[in-house]
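Student: Here's a structure for you.
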Amino acid sequence: MTELERKHLVETDRHIAECKNYIAKQRELIERAIQRGHSTEVAETTLEALETSLRAFERQRRLLLDQLNEGER
């Protein structure tokens, strides 16, 4: 694994961890809004966007790992 490949993988892992953290916070925000009887429409749309981003980062990570595995063969 080259230094650049390692950096890309580390950065992608960081993005995944951050995104998961944002998702957890957004779910808490939605739960509090529900408990208070507030609208959750915008918060739920934001959650969907965060989940879409997470899936994209996870796909990117799989692609990076596949490329690394191909390079080792």
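FYI, nothing fancy with the structure tokens labels: chains A, B, ... in order, residues from 1 per chain, ligands from 1 as they appear.
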Residues near stretch 1-4 of chain A, anyone? I mean within 10 Å using only C-alpha atoms, not counting same-chain ones fewer than 6 positions away, as JSON, numbers by chain.
Tutor: {"A": [10, 68, 69, 71, 72]}
Student: Can you pull out every residue within 7 Å of stretch 51-58 of chain A, counting only C-alpha atoms, but drop anything in the same chain fewer than 6 positions away, and send it as an MDAnalysis selection string?
Tutor: chainID A and resid 12 15:16 19
Student: Calculate how many Å separate atom CA of A:Ile23 from atom CA of A:Arg59, rounding to one decimal.
Tutor: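 Value for the atom CA of A:Ile23-atom CA of A:Arg59 distance: 17.3 Å.
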